[in-house]
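Structure file coords29.cif (mmCIF, C-alpha atoms) follows.
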```
data_coords
#
loop_
_atom_site.label_atom_id
_atom_site.label_comp_id
_atom_site.auth_asym_id
_atom_site.auth_seq_id
_atom_site.Cartn_x
_atom_site.Cartn_y
_atom_site.Cartn_z
CA MET A 1 4.66 -16.30 -30.78
CA ASN A 2 3.96 -13.86 -28.04
CA GLU A 3 0.27 -14.51 -28.25
CA LYS A 4 0.81 -18.19 -27.90
CA THR A 5 3.18 -17.99 -24.95
CA ARG A 6 0.74 -15.82 -23.08
CA THR A 7 -2.14 -18.17 -23.68
CA ARG A 8 -0.09 -21.13 -22.58
CA VAL A 9 0.93 -19.74 -19.23
CA GLY A 10 -2.74 -19.02 -18.69
CA GLY A 11 -2.02 -15.67 -17.05
CA PRO A 12 -3.94 -12.51 -17.74
CA GLU A 13 -3.29 -11.25 -21.29
CA ASP A 14 -2.50 -7.77 -20.15
CA PRO A 15 1.15 -7.56 -19.01
CA ARG A 16 0.26 -4.90 -16.49
CA LYS A 17 -2.30 -7.19 -14.89
CA GLY A 18 0.24 -9.98 -14.83
CA LEU A 19 2.80 -7.82 -13.07
CA GLU A 20 0.25 -6.51 -10.61
CA ALA A 21 -0.60 -10.08 -9.70
CA VAL A 22 3.08 -10.63 -8.85
CA VAL A 23 3.05 -7.64 -6.51
CA ALA A 24 -0.17 -8.80 -4.85
CA LEU A 25 1.26 -12.27 -4.41
CA ARG A 26 4.52 -10.95 -2.93
CA ARG A 27 2.65 -8.87 -0.38
CA THR A 28 0.35 -11.74 0.49
CA LEU A 29 3.29 -14.13 0.79
CA GLU A 30 4.97 -11.83 3.32
CA ALA A 31 1.79 -11.65 5.39
CA LEU A 32 1.27 -15.40 5.18
CA GLU A 33 4.83 -16.15 6.26
CA ALA A 34 4.51 -13.79 9.21
CA ALA A 35 1.24 -15.42 10.26
CA GLN A 36 2.42 -19.00 9.95
CA VAL A 37 5.69 -18.35 11.76
CA GLU A 38 3.68 -16.73 14.54
CA ASN A 39 1.29 -19.69 14.61
CA ALA A 40 4.15 -22.15 14.84
CA PHE A 41 5.91 -20.15 17.54
CA MET A 42 2.75 -19.87 19.61
CA ALA A 43 2.24 -23.61 19.19
CA GLY A 44 5.56 -24.07 20.95
CA TRP A 45 7.86 -24.61 17.99
CA SER A 46 11.47 -23.51 18.36
CA TRP A 47 13.04 -21.04 15.93
CA ALA A 48 15.32 -23.84 14.79
CA ARG A 49 12.44 -26.09 13.89
CA ILE A 50 10.50 -23.31 12.15
CA ALA A 51 13.62 -22.40 10.18
CA GLU A 52 14.18 -26.00 9.16
CA VAL A 53 10.72 -26.39 7.70
CA LEU A 54 10.98 -23.02 5.93
CA GLY A 55 14.32 -24.10 4.53
CA VAL A 56 16.24 -21.08 5.79
CA SER A 57 18.72 -20.43 8.60
CA LYS A 58 17.59 -20.04 12.18
CA GLN A 59 19.24 -16.62 12.25
CA ALA A 60 17.23 -15.49 9.25
CA VAL A 61 13.90 -16.47 10.80
CA HIS A 62 14.82 -14.97 14.14
CA LYS A 63 15.97 -11.70 12.62
CA LYS A 64 12.86 -11.33 10.50
CA HIS A 65 10.17 -12.42 12.96
CA ALA A 66 11.27 -12.54 16.61
CA GLY A 67 11.01 -8.82 17.31
CA ARG A 68 7.54 -8.52 15.86
CA ILE A 69 6.15 -11.57 17.62
CA ARG A 70 7.67 -10.64 21.01
CA ALA A 71 6.28 -7.12 20.69
CA LYS A 72 2.87 -8.55 19.90
CA TYR A 73 2.82 -10.73 23.02
CA PRO A 74 4.60 -8.70 25.68
CA GLY A 75 5.11 -10.44 28.98
CA ARG A 76 4.13 -13.78 27.61
CA PRO A 77 6.98 -16.27 27.78
CA PRO A 78 7.98 -17.60 24.41
CA GLY A 79 5.87 -20.61 23.62
CA ARG A 80 8.59 -23.12 24.04
CA LYS A 81 6.85 -25.68 26.22
CA GLY A 82 6.12 -28.09 23.45
CA ARG A 83 9.65 -27.92 22.12
CA GLU A 84 10.52 -31.24 20.60
CA ARG A 85 14.21 -31.05 20.07
CA MET B 1 12.45 12.51 -0.14
CA MET B 2 12.56 16.22 -0.88
CA PHE B 3 10.46 17.85 1.78
CA THR B 4 11.34 21.45 1.01
CA ARG B 5 8.57 24.02 0.78
CA PHE B 6 5.97 21.49 1.83
CA THR B 7 3.07 23.06 3.66
CA ASP B 8 2.25 21.51 7.03
CA ARG B 9 -0.71 19.81 5.43
CA SER B 10 1.10 18.26 2.52
CA ARG B 11 3.91 17.06 4.79
CA LYS B 12 1.32 15.56 7.12
CA SER B 13 -0.42 13.90 4.19
CA VAL B 14 2.81 12.25 3.06
CA GLU B 15 3.40 10.97 6.59
CA ALA B 16 -0.17 9.70 6.67
CA ALA B 17 0.44 8.02 3.31
CA LEU B 18 3.27 6.06 4.87
CA GLU B 19 0.99 4.91 7.67
CA GLU B 20 -1.68 3.88 5.15
CA ALA B 21 0.87 1.95 3.12
CA ARG B 22 2.04 0.15 6.26
CA MET B 23 -1.48 -0.72 7.29
CA LEU B 24 -2.43 -2.09 3.88
CA GLY B 25 0.73 -4.16 3.50
CA HIS B 26 2.18 -2.06 0.70
CA ASP B 27 5.89 -2.83 0.79
CA SER B 28 6.55 0.42 -1.05
CA LEU B 29 4.64 3.68 -0.79
CA GLY B 30 2.65 3.99 -4.01
CA ASP B 31 0.89 6.89 -5.68
CA GLU B 32 -2.40 5.47 -4.38
CA ASP B 33 -1.04 5.75 -0.85
CA LEU B 34 -0.38 9.44 -1.43
CA LEU B 35 -4.07 9.74 -2.26
CA LEU B 36 -5.03 7.82 0.89
CA GLY B 37 -2.76 10.13 2.90
CA ILE B 38 -4.57 13.21 1.61
CA LEU B 39 -7.91 11.62 2.53
CA ARG B 40 -6.65 10.63 5.96
CA VAL B 41 -5.45 14.10 6.91
CA ASP B 42 -8.69 15.50 5.50
CA GLU B 43 -7.55 19.12 5.36
CA GLY B 44 -6.78 21.39 2.45
CA LEU B 45 -8.02 21.91 -1.08
CA ALA B 46 -7.33 18.40 -2.32
CA ALA B 47 -9.26 16.76 0.51
CA GLU B 48 -12.09 19.22 -0.03
CA ALA B 49 -12.28 18.43 -3.74
CA LEU B 50 -12.26 14.70 -3.07
CA ALA B 51 -14.92 14.98 -0.37
CA SER B 52 -17.16 17.10 -2.60
CA LEU B 53 -17.16 14.25 -5.12
CA GLY B 54 -18.02 11.73 -2.42
CA VAL B 55 -14.62 10.06 -2.14
CA THR B 56 -14.05 8.81 1.42
CA LEU B 57 -10.99 7.29 3.08
CA GLU B 58 -12.91 4.12 3.90
CA ASP B 59 -14.04 3.61 0.31
CA ALA B 60 -10.54 4.25 -0.99
CA ARG B 61 -9.01 1.73 1.42
CA GLU B 62 -11.62 -0.80 0.40
CA GLU B 63 -10.85 -0.25 -3.28
CA SER B 64 -7.17 -0.77 -2.58
CA GLU B 65 -7.85 -4.07 -0.82
CA GLU B 66 -10.27 -5.08 -3.54
CA MET B 67 -7.62 -4.41 -6.21
CA LEU B 68 -5.19 -6.69 -4.37
CA SER B 69 -7.81 -9.38 -4.01
CA GLU B 70 -8.68 -9.19 -7.72
CA ALA B 71 -5.04 -9.35 -8.75
CA LEU B 72 -4.71 -12.55 -6.72
CA SER B 73 -7.90 -13.99 -8.22
CA SER B 74 -6.45 -13.45 -11.69
CA ILE B 75 -3.84 -16.10 -10.87
CA GLY B 76 -6.27 -18.37 -9.10
CA ILE B 77 -5.63 -17.40 -5.50
CA SER B 78 -8.37 -16.53 -3.08
CA LEU B 79 -7.29 -14.02 -0.45
CA GLU B 80 -10.22 -15.14 1.64
CA GLU B 81 -8.96 -18.70 1.70
CA VAL B 82 -5.43 -17.64 2.52
CA ARG B 83 -6.85 -15.61 5.38
CA ARG B 84 -8.98 -18.46 6.61
CA GLU B 85 -6.13 -20.95 6.43
CA ALA B 86 -3.69 -18.70 8.32
CA GLY B 87 -6.15 -17.73 11.04
CA ASP B 88 -6.18 -14.64 13.22
CA ALA B 89 -2.44 -14.10 12.96
CA PHE B 90 -2.84 -13.14 9.30
CA GLU B 91 -2.64 -9.42 8.67
CA MET B 92 -1.35 -7.50 5.68
CA ARG B 93 0.20 -4.83 7.90
CA ILE B 94 3.94 -4.28 7.46
CA PRO B 95 5.79 -4.67 10.80
CA GLU B 96 6.94 -1.43 12.45
CA GLY B 97 10.64 -2.11 12.06
CA ARG B 98 10.52 -2.47 8.30
CA ARG B 99 11.25 0.56 6.17
CA ILE B 100 8.79 1.40 3.39
CA PRO B 101 10.51 3.16 0.47
CA PHE B 102 8.74 5.44 -2.00
CA SER B 103 7.77 3.56 -5.16
CA PRO B 104 9.07 4.94 -8.47
CA ARG B 105 5.51 6.01 -9.33
CA ALA B 106 5.09 7.89 -6.07
CA LYS B 107 8.37 9.68 -6.74
CA LYS B 108 7.24 10.52 -10.25
CA ALA B 109 3.96 11.85 -8.88
CA LEU B 110 5.80 14.14 -6.46
CA VAL B 111 8.15 15.36 -9.18
CA GLU B 112 5.16 16.07 -11.39
CA ALA B 113 3.46 17.81 -8.46
CA ARG B 114 6.43 20.11 -8.07
CA ARG B 115 6.42 20.90 -11.77
CA ARG B 116 2.74 21.84 -11.56
CA MET B 117 3.40 24.01 -8.52
CA ARG B 118 5.96 26.01 -10.48
CA ARG B 119 3.76 26.22 -13.54
CA MET B 120 0.92 27.55 -11.41
CA GLY B 121 3.26 30.20 -10.04
CA ASP B 122 2.91 28.97 -6.46
CA ASN B 123 5.73 28.88 -3.99
CA HIS B 124 4.16 26.59 -1.44
CA PHE B 125 3.86 22.87 -2.04
CA GLY B 126 0.31 22.04 -1.01
CA THR B 127 -1.99 19.03 -1.10
CA GLU B 128 -3.54 20.37 -4.32
CA HIS B 129 -0.19 20.04 -6.07
CA VAL B 130 0.28 16.53 -4.71
CA LEU B 131 -3.17 15.58 -5.99
CA LEU B 132 -2.45 17.06 -9.43
CA GLY B 133 0.83 15.14 -9.52
CA ILE B 134 -1.02 11.92 -8.71
CA LEU B 135 -3.66 12.57 -11.36
CA HIS B 136 -1.00 13.10 -14.01
CA THR B 137 1.05 10.03 -13.19
CA GLU B 138 0.99 7.73 -16.16
CA ASP B 139 -0.24 4.23 -15.37
CA GLY B 140 -0.87 5.33 -11.81
CA ALA B 141 -2.74 3.14 -9.34
CA ALA B 142 -4.50 6.14 -7.79
CA VAL B 143 -6.14 6.98 -11.11
CA SER B 144 -7.36 3.38 -11.48
CA MET B 145 -8.63 3.48 -7.94
CA LEU B 146 -10.54 6.70 -8.57
CA ALA B 147 -11.93 5.30 -11.83
CA ARG B 148 -13.30 2.33 -9.91
CA MET B 149 -15.08 4.80 -7.66
CA GLY B 150 -16.56 6.47 -10.72
CA ILE B 151 -14.32 9.53 -10.59
CA ALA B 152 -12.66 10.77 -13.79
CA PRO B 153 -9.34 12.58 -13.28
CA GLU B 154 -10.58 15.55 -15.34
CA THR B 155 -13.64 15.98 -13.12
CA LEU B 156 -11.50 15.99 -10.01
CA GLU B 157 -9.01 18.41 -11.51
CA GLU B 158 -11.78 20.74 -12.57
CA ARG B 159 -13.26 20.68 -9.07
CA LEU B 160 -9.87 21.39 -7.57
CA PHE B 161 -9.36 24.51 -9.68
CA GLU B 162 -12.91 25.61 -8.96
CA LEU B 163 -12.27 25.45 -5.20
CA ARG B 164 -8.91 27.12 -5.65
CA GLY B 165 -10.48 29.97 -7.58
CA ARG B 166 -13.11 30.38 -4.90
CA ALA B 167 -10.49 30.39 -2.14
CA ALA B 168 -8.46 33.04 -3.97
CA SER B 169 -11.33 35.44 -4.55
#
```
Could I get this file's structure written as structure tokens?
Amino acid sequence: MNEKTRTRVGGPEDPRKGLEAVVALRRTLEALEAAQVENAFMAGWSWARIAEVLGVSKQAVHKKHAGRIRAKYPGRPPGRKGRER
Amino acid sequence: MMFTRFTDRSRKSVEAALEEARMLGHDSLGDEDLLLGILRVDEGLAAEALASLGVTLEDAREESEEMLSEALSSIGISLEEVRREAGDAFEMRIPEGRRIPFSPRAKKALVEARRRMRRMGDNHFGTEHVLLGILHTEDGAAVSMLARMGIAPETLEERLFELRGRAAS
């Protein structure tokens, strides 16, 4: 039964490889989220709008990303010009 | 982490490991990061043994990135495409404010290192003990990484003891 399940999910047969893929994906997901939040912010999106699309609270997005992005662009005013709401 | 009896070098190498982990986007400090830390500090018996077998920091970092990329490929994801899609803002680096804990394997490696130190009758905790701990960590990522670079753990261990013997005489 085990054999079959593994084949069906199409993942690597080796459990270790499968678990390592999870770790790699988690790390990549974190980096991708950071990048896309930064992209949206620099494109003038508000924290509220970013949070809405991500499906989380504004506080959560702000807490996780604001410090990093502000530190990366010191002196530059937050890209809020194109704010739509 | 237990930092007692660390030599300056081994303490520095653990700090460097943390920096390597952060740079590579490792959300916990793994046994392979301990290896990268030793290479980064580039002092002491362990670094000497690694260098004599042609292991460089740059190669080791590359292997680490390659291993991540291959793990993603195994589930049909191309890191290159993710990178391209996200643009210049994409970086694996962990932001400064986020804490990076030791992974269970890194802890095991350090515990093993301490055991080896005692068995060898040493009372300083040097980079050579850290390296031995890493090499004897079951299922360790550092050992896989070294294998990919064509280095067998036994060869490295042998070289380490050779250099140690030479230093002692």
- request: Name every residue that the PyMOL selection byres ((chain B and resi 155-161) around 8) selects in this structure, writing the answer as an NGL selection string with chains first and numbers rising.
  value: :B and (45-46 or 49-50 or 53 or 128 or 132 or 135 or 151-154 or 162-165)
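A distance cut-off of 8 Å around (8.3, -14.1, 9.0), counting all atoms listed in the file, selects these protein and nucleic acid residues: Glu30, Ala31, Glu33, Ala34, Ala35, Gln36, Val37, Glu38, Val61, Lys64 and His65 of chain A.
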message: I'd like the residues picked by the PyMOL selection byres ((chain B) within 8 of (chain A)) written out as a list in words, using the chain letters and numbers from the file.
response: Gly25, His26, Asp27, Leu68, Ser69, Ala71, Leu72, Ser74, Ile75, Val82, Ala86, Gly87, Ala89, Phe90, Glu91, Met92, Arg93, Ile94, Pro95 and Glu96 of chain B
Shortest interatomic distance to Ile100 in chain B - which of B:Val130, B:Met67, B:Met145, B:Leu18, counting only C-alpha atoms: B:Leu18
task: Compile the contact shell of Glu43 in chain B as a list in words: residues with an atom at most 12 Å away, counting only C-alpha atoms, same-chain residues fewer than 5 positions apart removed.
output: Thr7, Asp8, Arg9, Ser10, Arg11, Lys12, Ser13, Gly37, Ile38, Glu48, Ala49, Leu50, Ala51, Gly126, Thr127 and Glu128 of chain B
query: How many Å separate CA of Ser144 in chain B from CA of Asp14 in chain A?
result: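 Calculated distance between CA of Ser144 in chain B and CA of Asp14 in chain A is 14.9 Å.
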query: What gap, in Å, lies between CA of Glu62 in chain B and CA of Glu15 in chain B?
result: 20.1 Å
message: When you count all atoms listed in the file, which of these residues is closest to Gly140 in chain B: B:Glu80, B:Glu20, B:Asp31, B:Asp122?
response: B:Asp31
- prompt: Quick one: which residues end up in the PyMOL selection byres ((chain B and resi 125) around 7) for this structure, as a count of residues only?
  reply: 8
message: Quick check, in Å to one decimal: how far apart do CA of Ser52 in chain B and CA of Ala17 in chain B lie?
response: 20.7 Å
